[in-house]
Amino acid sequence: MPVVEEPEHLSGDHPDGGTGLSPASDPGPRDEAADSGPAEPTAEPLLVPAEGIPPVCRTAEAVAAAAERLAAGSGPLAVDAERASGFRYSSRAYLIQLRRAGAGTVLIDPIPVADALAPLAEAINGLEWILHSADQDLPGLAELGLRPAVLFDTELGGRLAGFPRVGLAAMVEQLLGRALRKGHGAADWSTRPLPEAWLNYAALDVELLIELRAAVAAALAEQGKTDWAAQEFEHIRLLEPATPKPDRWRRTSGIHTLRRARQLAIVRELWTTRDTLARGRDIAPSRILPDSAIIAAAKAEPASIGQLRELPVFGGPRQRRYSREWLGAVERARVLPDEDLPRMSQPYDGPPPVNRWERRDPAAAARLARARAVMTRISERVAVPVENLLSPDLVRRLCWDGLPDYRSAPEATGEVAAAVDGFLKSHGARPWQRELTARPLATALIDRPPS
């Protein structure tokens, strides 16, 4: 597959023209006192896979042989997938890495063998999979018919265990004493052929996942969180793909600078046109047309191709071929009746922005403040990040209008706790989360009479 063309509006230069280092990253003068202290233990670098870089399976025969080898292995399966985020529109996997005890590491290029993965699915779909940040890779793997029977997510497990850093390299270093080389995670994995250095990086991503799973599981067991983690892993495993949110065009960077509904209509039409082109060509939308160009066109409202091409980006050779599509989008917005123009403010599916609560509902704002304080105390007590205890959005919905009645008497705490528990359950909170938070949140939600 050819490499995606680099649009002319992209540049490799750092935006400030410098090195990309912030002032905080400048090492500054050496601290002699610090140098005199004991040296920190150095992690042993992991530079190449123990068995070398395996050949990439690119034929049905190679996939079948790899599936047979993996089926003969033992224990859980380490899994990773490389996508081309920022380069391609889709979230499909462009490389699959698998490793199992007794079988070694397998690399599969799913592009030429997408219709020949049945033997692989038969071999691995009944196994426990180990992934790091599983929610990133599971959707693309599911598109290929690959789904785990049981899941262990080392990144999520690290969060629940209270590790301060949960990136793969950080956890491998902290728990296993090995240093993984970073470098190609954000590469364009749709590139063919894949460079050997990239394949080395990809193979290393699963080299120690099995050992990392054991270390994380031991930490969770020591803290009494094994069941919590199992509930979270199963939730991720069974999670349905998210439904695209309406009005995604409103997330266009810079849209807050527009002041008229007609300008928003232009953004909507240009965004939709760009999305259609990007989907059809499987190229990331920002590489078709950057958000900054959409905002510039919305402000200028060009009435001709000539005026359009005078704007930044639109006059470039690769954009000129789409001039009629871009101008057509602007024209459609220009002739829209006023009643069909988008609203200036985004419609909310749920509570309004928190900064408006104090004015619109002071009692709800007070409830949210108390609830947040309660969640922070629970987080500190059990060493689990607040956002993993409960979704912040769920807490906001609960405090805004999740319950029909907030009793003012402390003796009603039990009744309110039951209502809170039912609300959390109806919104997908897991049993361990409800057990930890329902009653404390009920105490926080009870409206206090004015003192």
# chains A, B, ... in the order shown; residues from 1 in each chain; ligands from 1
$ residues_around --residues "region 56-61 of chain A" --least-positions-apart "2" --cutoff "6 Å" --atoms "only C-alpha atoms" --output "ChimeraX atom specification"
/A:63-64,107-109,116
$ select_by_dssp --residues "region 15-195 of chain A" --states "alpha helix (DSSP H)" --output "VMD selection string"
chain A and resid 32 to 35 60 to 71 118 to 124 134 to 142 154 to 160 168 to 176
$ residues_around --residues "Ile53 (chain A)" --least-positions-apart "3" --cutoff "10 Å" --atoms "only C-alpha atoms" --output "MDAnalysis selection string"
chainID A and resid 48:50 56 105:107 196:197 199:204
$ atom_distance --atom1 "CA of Gly350 (chain A)" --atom2 "CA of Glu387 (chain A)"
18.3 Å
$ residues_around --residues "Gly254 (chain A)" --least-positions-apart "5" --cutoff "9 Å" --atoms "only C-alpha atoms" --output "list in words"
Asp291, Ser292 and Ile295 of chain A
$ write_last_selection --atoms "N, CA and C atoms" --output "short mmCIF file (atom, residue, chain, number, x, y, z; two decimals), in the first residue's frame"
data_model
loop_
_atom_site.label_atom_id
_atom_site.label_comp_id
_atom_site.auth_asym_id
_atom_site.auth_seq_id
_atom_site.Cartn_x
_atom_site.Cartn_y
_atom_site.Cartn_z
N ASP A 291 -8.38 22.09 10.12
CA ASP A 291 -9.45 22.87 10.75
C ASP A 291 -9.24 24.36 10.53
N SER A 292 -7.99 24.82 10.56
CA SER A 292 -7.73 26.25 10.41
C SER A 292 -8.25 26.77 9.07
N ILE A 295 -12.10 27.20 9.29
CA ILE A 295 -12.47 28.42 10.03
C ILE A 295 -12.20 29.65 9.18
#
$ atom_distance --atom1 "CA of Arg100 (chain A)" --atom2 "CA of Gly75 (chain A)"
6.9 Å
$ residues_around --residues "Ala149 (chain A)" --least-positions-apart "5" --cutoff "12 Å" --atoms "only C-alpha atoms" --output "list in words"
Pro76, Leu77, Ala121, Glu122, Ala123, Ile124, Asn125, Gly126, Leu127, Glu128, Trp129, Ile130, Phe233, Glu234, Ile236, Arg237 and Leu238 of chain A
$ residues_around --residues "Met375 (chain A)" --least-positions-apart "4" --cutoff "10 Å" --atoms "only C-alpha atoms" --output "list in words"
Arg370, Ala371, Ser379, Glu380, Arg381, Pro385, Val386, Glu387, Leu389, Leu390, Pro392, Val395, Leu436, Thr437, Pro440, Leu441 and Ala444 of chain A
$ write_last_selection --atoms "C-alpha atoms" --output "PDB file, in the first residue's frame"
ATOM      1  CA  ARG A 370     -19.826  18.001  47.978  1.00  0.00           C
ATOM      2  CA  ALA A 371     -19.870  14.983  45.650  1.00  0.00           C
ATOM      3  CA  SER A 379      -9.915   7.962  45.653  1.00  0.00           C
ATOM      4  CA  GLU A 380      -7.210   8.747  48.188  1.00  0.00           C
ATOM      5  CA  ARG A 381      -8.367   5.990  50.542  1.00  0.00           C
ATOM      6  CA  PRO A 385      -7.964   7.598  40.278  1.00  0.00           C
ATOM      7  CA  VAL A 386     -11.249   9.469  40.651  1.00  0.00           C
ATOM      8  CA  GLU A 387     -12.131   8.951  36.984  1.00  0.00           C
ATOM      9  CA  LEU A 389     -14.095   5.184  40.482  1.00  0.00           C
ATOM     10  CA  LEU A 390     -16.936   6.702  38.473  1.00  0.00           C
ATOM     11  CA  PRO A 392     -17.036  12.316  35.976  1.00  0.00           C
ATOM     12  CA  VAL A 395     -21.345  12.178  38.748  1.00  0.00           C
ATOM     13  CA  LEU A 436     -17.688   2.160  47.226  1.00  0.00           C
ATOM     14  CA  THR A 437     -19.586   5.280  46.195  1.00  0.00           C
ATOM     15  CA  PRO A 440     -21.080   8.370  50.476  1.00  0.00           C
ATOM     16  CA  LEU A 441     -22.604  10.105  47.462  1.00  0.00           C
ATOM     17  CA  ALA A 444     -23.268  14.387  49.806  1.00  0.00           C
TER      18      ALA A 444
END
$ select_by_dssp --residues "region 118-333 of chain A" --states "strand (DSSP E)" --output "list in words"
Glu128, Trp129, Ile130, Leu131, Val150, Leu151, Phe152, Asp153, Arg178, Ala179 and Leu180 of chain A
$ write_last_selection --atoms "all heavy atoms" --output "compact mmCIF listing (two decimals), in the first residue's frame"
# COMPACT_ATOMS: atom_id res chain seq x y z
N GLU A 128 -7.53 -16.13 27.07
CA GLU A 128 -7.40 -14.85 27.75
C GLU A 128 -6.39 -14.02 26.98
O GLU A 128 -5.29 -14.48 26.69
CB GLU A 128 -6.92 -15.02 29.19
CG GLU A 128 -6.66 -13.68 29.89
CD GLU A 128 -5.94 -13.80 31.21
OE1 GLU A 128 -6.35 -14.63 32.05
OE2 GLU A 128 -4.94 -13.06 31.41
N TRP A 129 -6.77 -12.78 26.64
CA TRP A 129 -5.86 -11.87 25.96
C TRP A 129 -5.32 -10.87 26.97
O TRP A 129 -6.04 -10.39 27.85
CB TRP A 129 -6.58 -11.10 24.87
CG TRP A 129 -7.00 -11.88 23.67
CD1 TRP A 129 -7.02 -13.24 23.51
CD2 TRP A 129 -7.48 -11.33 22.45
NE1 TRP A 129 -7.48 -13.57 22.27
CE2 TRP A 129 -7.77 -12.42 21.58
CE3 TRP A 129 -7.70 -10.04 21.99
CZ2 TRP A 129 -8.29 -12.24 20.30
CZ3 TRP A 129 -8.20 -9.85 20.72
CH2 TRP A 129 -8.48 -10.93 19.87
N ILE A 130 -4.06 -10.53 26.79
CA ILE A 130 -3.44 -9.45 27.57
C ILE A 130 -3.16 -8.30 26.62
O ILE A 130 -2.46 -8.47 25.62
CB ILE A 130 -2.11 -9.91 28.20
CG1 ILE A 130 -2.26 -11.24 28.93
CG2 ILE A 130 -1.56 -8.83 29.12
CD1 ILE A 130 -0.92 -11.89 29.26
N LEU A 131 -3.73 -7.15 26.90
CA LEU A 131 -3.47 -5.95 26.12
C LEU A 131 -3.14 -4.80 27.05
O LEU A 131 -3.51 -4.82 28.23
CB LEU A 131 -4.66 -5.55 25.25
CG LEU A 131 -5.00 -6.45 24.07
CD1 LEU A 131 -6.17 -7.36 24.41
CD2 LEU A 131 -5.34 -5.62 22.83
N VAL A 150 -11.58 -13.84 27.46
CA VAL A 150 -11.28 -13.19 28.75
C VAL A 150 -10.24 -12.12 28.45
O VAL A 150 -9.41 -12.28 27.55
CB VAL A 150 -10.72 -14.20 29.77
CG1 VAL A 150 -10.42 -13.51 31.11
CG2 VAL A 150 -11.69 -15.37 29.97
N LEU A 151 -10.30 -11.03 29.21
CA LEU A 151 -9.40 -9.91 28.96
C LEU A 151 -8.64 -9.54 30.23
O LEU A 151 -9.21 -9.56 31.33
CB LEU A 151 -10.18 -8.69 28.47
CG LEU A 151 -9.40 -7.38 28.27
CD1 LEU A 151 -8.40 -7.53 27.12
CD2 LEU A 151 -10.35 -6.22 28.01
N PHE A 152 -7.36 -9.20 30.06
CA PHE A 152 -6.58 -8.57 31.13
C PHE A 152 -5.90 -7.36 30.51
O PHE A 152 -5.10 -7.48 29.58
CB PHE A 152 -5.52 -9.53 31.69
CG PHE A 152 -4.90 -9.05 32.98
CD1 PHE A 152 -5.29 -9.59 34.19
CD2 PHE A 152 -3.93 -8.04 32.99
CE1 PHE A 152 -4.72 -9.13 35.39
CE2 PHE A 152 -3.37 -7.58 34.17
CZ PHE A 152 -3.77 -8.13 35.38
N ASP A 153 -6.23 -6.18 31.05
CA ASP A 153 -5.69 -4.92 30.53
C ASP A 153 -4.64 -4.42 31.52
O ASP A 153 -4.97 -4.00 32.63
CB ASP A 153 -6.81 -3.90 30.37
CG ASP A 153 -6.37 -2.61 29.70
OD1 ASP A 153 -5.19 -2.23 29.85
OD2 ASP A 153 -7.21 -1.96 29.05
N ARG A 178 13.10 -3.51 33.20
CA ARG A 178 13.60 -3.48 31.83
C ARG A 178 13.19 -2.15 31.18
O ARG A 178 12.14 -1.59 31.49
CB ARG A 178 13.03 -4.64 30.99
CG ARG A 178 13.31 -6.01 31.55
CD ARG A 178 14.80 -6.32 31.65
NE ARG A 178 15.48 -6.28 30.37
CZ ARG A 178 15.55 -7.32 29.53
NH1 ARG A 178 14.96 -8.47 29.84
NH2 ARG A 178 16.22 -7.21 28.40
N ALA A 179 14.00 -1.67 30.26
CA ALA A 179 13.75 -0.39 29.60
C ALA A 179 13.39 -0.64 28.15
O ALA A 179 14.19 -1.18 27.38
CB ALA A 179 14.98 0.50 29.69
N LEU A 180 12.16 -0.28 27.79
CA LEU A 180 11.70 -0.41 26.41
C LEU A 180 12.06 0.84 25.63
O LEU A 180 11.88 1.96 26.12
CB LEU A 180 10.19 -0.61 26.35
CG LEU A 180 9.65 -2.01 26.66
CD1 LEU A 180 8.13 -1.97 26.65
CD2 LEU A 180 10.16 -3.04 25.67
$ atom_distance --atom1 "CA of Leu289 (chain A)" --atom2 "CA of Leu264 (chain A)"
16.8 Å
$ closest_residue --among "A:Pro193, A:Pro352, A:Pro317, A:Gly328" --to "Ile305 (chain A)" --atoms "only C-alpha atoms"
A:Gly328
$ closest_residue --among "A:Thr42, A:Glu331, A:Glu339, A:Ile255" --to "Lys299 (chain A)" --atoms "only C-alpha atoms"
A:Ile255
$ closest_residue --among "A:Leu194, A:Ala84, A:Ile96, A:Val206" --to "Ile283 (chain A)" --atoms "only C-alpha atoms"
A:Ala84
$ residues_around --residues "region 421-434 of chain A" --least-positions-apart "2" --cutoff "9 Å" --atoms "only C-alpha atoms" --output "list in words"
Asp227, Trp228, Gln231, Glu232, His235, Asn388, Leu389, Leu390, Ser391, Leu394, Val395, Leu398, Gly402, Leu403, Val416, Ala417, Ala418, Ala419, Leu436, Thr437, Ala438, Arg439 and Ala442 of chain A
$ closest_residue --among "A:Ala103, A:Ala265, A:Ser286, A:Leu368" --to "Pro337 (chain A)" --atoms "only C-alpha atoms"
A:Ala265
